[in-house]
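Chemist: What follows is a structure written as structure tokens; I'll ask about it next.
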Amino acid sequence: MTLELFIQYLAAGITYGSIYAIVAIGFNIIYNTTGIINFAQGEFVMLGGMLSITLLDFLPLPLAIALAVALTMCIGAAIEIVFIRWLKNPGVLRMIIITIGLSILIREAALHIWGDNVRALPYFIGNEITSIPVLGARISPQVLWVIATCGLMVICLSLFFKATSVGREMRACAANRTAAILCGIDTKNMVTFSFILSAGIGALAGAVMSPITYTQYDIGTGLAIKGFTVAILGGLGNSPGAVAAGLLLGIIEAFSVSIVPLAFQDAIAIAILLVILFVRPHGLFGSSTTAGLKEY
Amino acid sequence: MKGLMRKSLCAAAAACLLMSTSAWAKTIKVGAVLAVTGPASFLGGPEARTLEMLVQEANAKGGINGNKIELLIKDTAGNPEKAISFAKQLLEEEQVVAVLGPSSSGETMALKKIFEDAKTPLISCAAAEVIVNPVASWVFKTPQNDSFAAKKIFMEMNKLGIAKIAVLVDNSGFGKAGKEQILKIAPEYKIEVVEAEVYDAKATDLSAVVAKIKANAAVQGVINWSIVPAQAIVVKNIRQAGWKVPIFQSHGFGNIKYVQAAGTAAEGVIFPAGRLLMANLLPDGHPQKALLVKYVKDYESKYKETASTFGGHGYDAFLILSKAIEAAGPDKDKIRAAIENLKDLPGTGGIYNFSAADHNGLTMDAFEMMTVKDGKFVPYKGK
């Protein structure tokens, strides 16, 4: 393999990987505060893309994206307040079914509002054929935008969880809900906040990646499956783990193309997932003791 | 005297019979099973809207031979099981004289046997060659054969001196059927397929596979055969990689939305398409011109969306059926025979010449090579 080809595969892999990682982080944030997997996470990504494309007709690009992210955050909050907050001691299964129902609801609503056309934001820099040469390979500037945005989000999130009081309270919820309540933390608000945060992250990723991947009403499902795979691979609830697992999966997928036909790409990814789950059921970067303490 | 009496009685009876049949056959029930929603809605949606428009138009003119048409459209959502149950409902409960559709090849193949048994004409809007080859006596189809498109592309490649190609297809039925045809026909034109890859219809980025085929120095041209939006991603990724290779697409590219999705990258893509996309550019004497211009204008003013070749497949299905009913009356067996006798009938997809052996009725001439210039479809003039 030439260096040029290697770089090209690597860049493709990092692009896929960053997108998977961001969806996985969205899963993790909600999982940490509620113990559930929010299967509507992929729909947040779709909404971020769709809303920013619609708003672009009225606003300049940065404002359109910012407003789309804000709107998706509101939708995330509304979902939690309307469907989840008032449940008394909801079972894990019940909450999962609720989020699956919500994902279908959002998808169908999007189909009615935006139709089944593919849409995309314009490239932030240059156009569809602009590329930057990197060591002989050529990479679209949008790929750099995606990687930079995802990287920045991960850094901001870890600072937020470490350095702010709200972040610390959310981590307290994650560690031990009962103890957090005893310390006077309003866990219900923390849950709402986790939905807002993961909706915002998903929406921002959805807007930034839309020039590359296009946005359609039903892209959420596929992203959710890949994101979920990555979240499990990295250890549920472990965000740095999700980043590492996302990049790993993306890079494996990209390089698998050089050995087997493209049609087997997903099979390779899922086969690796299965092997890892047999050997390390708590994920690559999760610890088995923490996993043992979780509800499931 | 007696003989005369009997004759006149017979005549009167015959007249009564005639009057009663015309009085009873005031509406002709026609069924349609189309993927109006679901993943194939980009086919079924325009087809259903076209049929509704045409039936309205025909009924406003008093129907076919004075008989009004009642069109019953069933939405299969692209699901073969639903197509089967709706088709049975139309055949058994509604007693339709013929069914138009389905939109996709998979659904049509699921219905083929049912219509053979029910002895009712089915005029499919799906493209796959297997629908009419081997020929089934009650099953027809309006879109051009995939092999015509493949041959058109290969002829263009021969002119450009391209001998070694890479083939990328999507994993839909359309993509798979296309790959089969390409691999089968390529040797006839002395073209060698050196790379062949299948991509997911929901793919989000294909730069890795593009890098792989680009690394094969033998590749002189790429065929990207697909009907899903992901085909625009392939085009984009090829140009982003700085690869100047000639890109050939299938007739599935004939949707301006895919050009918009690929943006600048779509410039110069070469593909075969029905004449609908160049209706206004056809020479005035062309037999399809008047019909195409009218259809595009009517459709676009009624539904405020760009007319596509897919809606055209629905147009042709109704055109063929109404011409057959006009010639033979609303009788299943006679309609079937009348369709096989239709000759030199201009439709949106080409000029139809049916026969007992040919239930598609089109030839390679139904396609014109086109390209993209400044974000618009224009006729391809060659290099």
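Residues in the structure tokens are numbered from 1 in each chain, the chains being A, B, ... in the order shown, and ligands are numbered from 1 in the order shown.
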Please check the contacts: residues of chain A at most 7 Å away from chain B, using only C-alpha atoms, listed as a list of chain:residue names.

Modeler: A:Leu5, A:Gln8, A:Tyr9, A:Ala12, A:Val118, A:Glu128, A:Ile129, A:Thr130, A:Ser131, A:Arg138, A:Ile139, A:Ser140, A:Ile212, A:Thr213, A:Ala254, A:Val257, A:Ser258, A:Pro261, A:Leu262, A:Ala263

Chemist: Dump C-alpha atoms for the selected residues as a PDB file, in the first residue's frame?

Modeler:
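result35.pdb written:
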ATOM      1  CA  LEU A   5      -3.486   5.381  -0.286  1.00  0.00           C
ATOM      2  CA  GLN A   8      -6.594   8.438   2.074  1.00  0.00           C
ATOM      3  CA  TYR A   9      -7.998   5.425   3.950  1.00  0.00           C
ATOM      4  CA  ALA A  12     -11.887   8.368   5.452  1.00  0.00           C
ATOM      5  CA  VAL A 118     -31.862  14.488   0.239  1.00  0.00           C
ATOM      6  CA  GLU A 128     -17.988  19.827  -3.739  1.00  0.00           C
ATOM      7  CA  ILE A 129     -14.674  19.343  -5.515  1.00  0.00           C
ATOM      8  CA  THR A 130     -12.313  21.394  -3.349  1.00  0.00           C
ATOM      9  CA  SER A 131      -9.654  19.307  -1.679  1.00  0.00           C
ATOM     10  CA  ARG A 138      -6.509  14.650  -1.073  1.00  0.00           C
ATOM     11  CA  ILE A 139      -8.915  15.533   1.683  1.00  0.00           C
ATOM     12  CA  SER A 140     -12.014  17.691   1.535  1.00  0.00           C
ATOM     13  CA  ILE A 212     -20.469  15.234   3.233  1.00  0.00           C
ATOM     14  CA  THR A 213     -23.168  12.734   4.081  1.00  0.00           C
ATOM     15  CA  ALA A 254     -12.059   2.228   5.836  1.00  0.00           C
ATOM     16  CA  VAL A 257     -12.204  -1.924   1.805  1.00  0.00           C
ATOM     17  CA  SER A 258      -8.672  -2.664   0.638  1.00  0.00           C
ATOM     18  CA  PRO A 261     -15.366  -5.912  -1.222  1.00  0.00           C
ATOM     19  CA  LEU A 262     -17.116  -2.810   0.095  1.00  0.00           C
ATOM     20  CA  ALA A 263     -20.330  -4.781   0.552  1.00  0.00           C
TER      21      ALA A 263
END

Chemist: Just list the residues in region 23-177 of chain B DSSP gives helix (DSSP H, G or I) on the backbone, as a PyMOL selection string.

Modeler: chain B and resi 23-24+41-60+80-92+105-118+129-131+146-160+173-177

Chemist: Report as a compact mmCIF listing (two decimals) with C-alpha atoms, in the first residue's frame all protein, DNA and RNA residues lying within 9 Å of region 87-92 of chain B, evaluated on only C-alpha atoms, omitting residues in the same chain fewer than 5 positions from it.

Modeler:
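Contents of result_6.txt, freshly written:
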# COMPACT_ATOMS: atom_id res chain seq x y z
CA VAL B 30 -58.55 0.41 -13.72
CA GLY B 31 -56.30 -0.52 -10.80
CA ALA B 32 -52.85 0.82 -9.92
CA VAL B 33 -50.43 -0.58 -7.32
CA LEU B 72 -58.12 2.86 -7.96
CA LYS B 74 -53.22 1.40 -3.89
CA LYS B 82 -48.55 -5.47 0.13
CA VAL B 97 -59.87 -4.66 -16.42
CA ALA B 98 -56.15 -4.02 -16.01
CA VAL B 99 -53.60 -2.96 -13.39
CA LEU B 111 -47.10 -10.19 -9.22
CA ILE B 114 -50.78 -13.78 -10.18
CA PHE B 115 -51.64 -11.85 -13.34
CA ALA B 118 -55.96 -14.08 -13.34
CA THR B 120 -55.59 -9.68 -16.55

Chemist: Which neighbours of region 203-205 of chain A fall inside 10 Å, counting only C-alpha atoms, when residues of the same chain fewer than 4 positions from it are skipped, and could you give them as a PyMOL selection string?

Modeler: chain A and resi 18-20+22-23+41-52+65-66+68-73+146-147+149-150+153+197-199+209-210

Chemist: Those same residues - C-alpha atoms - I'd like them written as a PDB file, in the first residue's frame.

Modeler:
ATOM      1  CA  SER A  18     -15.667  11.043  14.412  1.00  0.00           C
ATOM      2  CA  ILE A  19     -19.300  10.887  13.324  1.00  0.00           C
ATOM      3  CA  TYR A  20     -19.843   7.552  15.094  1.00  0.00           C
ATOM      4  CA  ILE A  22     -20.304  11.923  18.457  1.00  0.00           C
ATOM      5  CA  VAL A  23     -23.483   9.847  18.225  1.00  0.00           C
ATOM      6  CA  GLN A  41     -30.314  10.021  19.371  1.00  0.00           C
ATOM      7  CA  GLY A  42     -29.896   9.561  15.613  1.00  0.00           C
ATOM      8  CA  GLU A  43     -32.969  11.714  15.040  1.00  0.00           C
ATOM      9  CA  PHE A  44     -31.288  14.617  16.871  1.00  0.00           C
ATOM     10  CA  VAL A  45     -28.495  14.396  14.302  1.00  0.00           C
ATOM     11  CA  MET A  46     -31.040  14.424  11.473  1.00  0.00           C
ATOM     12  CA  LEU A  47     -32.898  17.387  13.016  1.00  0.00           C
ATOM     13  CA  GLY A  48     -29.672  19.379  13.348  1.00  0.00           C
ATOM     14  CA  GLY A  49     -28.986  18.942   9.644  1.00  0.00           C
ATOM     15  CA  MET A  50     -32.560  19.522   8.444  1.00  0.00           C
ATOM     16  CA  LEU A  51     -33.234  22.565  10.629  1.00  0.00           C
ATOM     17  CA  SER A  52     -29.986  24.283   9.691  1.00  0.00           C
ATOM     18  CA  ILE A  65     -26.427  26.276  12.546  1.00  0.00           C
ATOM     19  CA  ALA A  66     -26.487  27.928  15.974  1.00  0.00           C
ATOM     20  CA  ALA A  68     -30.766  24.834  14.573  1.00  0.00           C
ATOM     21  CA  VAL A  69     -28.712  23.496  17.475  1.00  0.00           C
ATOM     22  CA  ALA A  70     -30.697  25.636  19.921  1.00  0.00           C
ATOM     23  CA  LEU A  71     -33.999  24.457  18.452  1.00  0.00           C
ATOM     24  CA  THR A  72     -32.955  20.816  18.620  1.00  0.00           C
ATOM     25  CA  MET A  73     -31.953  21.362  22.261  1.00  0.00           C
ATOM     26  CA  VAL A 146     -15.978  17.482  11.023  1.00  0.00           C
ATOM     27  CA  ILE A 147     -12.840  16.252  12.772  1.00  0.00           C
ATOM     28  CA  THR A 149     -15.768  20.082  15.532  1.00  0.00           C
ATOM     29  CA  CYS A 150     -15.897  16.603  17.017  1.00  0.00           C
ATOM     30  CA  MET A 153     -16.873  19.013  21.413  1.00  0.00           C
ATOM     31  CA  LEU A 197     -26.909  18.399  26.010  1.00  0.00           C
ATOM     32  CA  SER A 198     -27.037  15.274  23.882  1.00  0.00           C
ATOM     33  CA  ALA A 199     -29.596  16.840  21.525  1.00  0.00           C
ATOM     34  CA  MET A 209     -21.412  16.550   8.519  1.00  0.00           C
ATOM     35  CA  SER A 210     -24.397  17.295   6.267  1.00  0.00           C
TER      36      SER A 210
END

Chemist: Could you pull out the residues in region 82-281 of chain A that DSSP calls strand (DSSP E) from the backbone, as a list in words?

Modeler: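 Result set for region 82-281 of chain A (strand (DSSP E)): Ile132, Pro133, Val134, Ala137, Arg138 and Ile139 of chain A.
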
Chemist: From the options B:Gln144, B:Asn341, B:Asn79, B:Thr309, which residue's atoms come nearest to Pro102 (chain B), counting only C-alpha atoms?

Modeler: B:Asn79

Chemist: Go ahead and compute the interatomic distance for CA of Leu34 (chain B) and CA of Lys113 (chain B), in Å to one decimal.

Modeler: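 CA of Lys113 (chain B) lies 17.9 Å from CA of Leu34 (chain B).
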
Chemist: Could you check the closest approach to Phe253 (chain B) for each of B:Asp344, B:Val219, B:Phe377, B:His359 and tell me which residue wins, using only C-alpha atoms?

Modeler: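 Among the listed residues, B:Phe377 lies closest to Phe253 (chain B).
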
Chemist: What does the distance from CA of Asn67 (chain B) to CA of Val55 (chain B) come to in Å, to one decimal?

Modeler: 11.7 Å
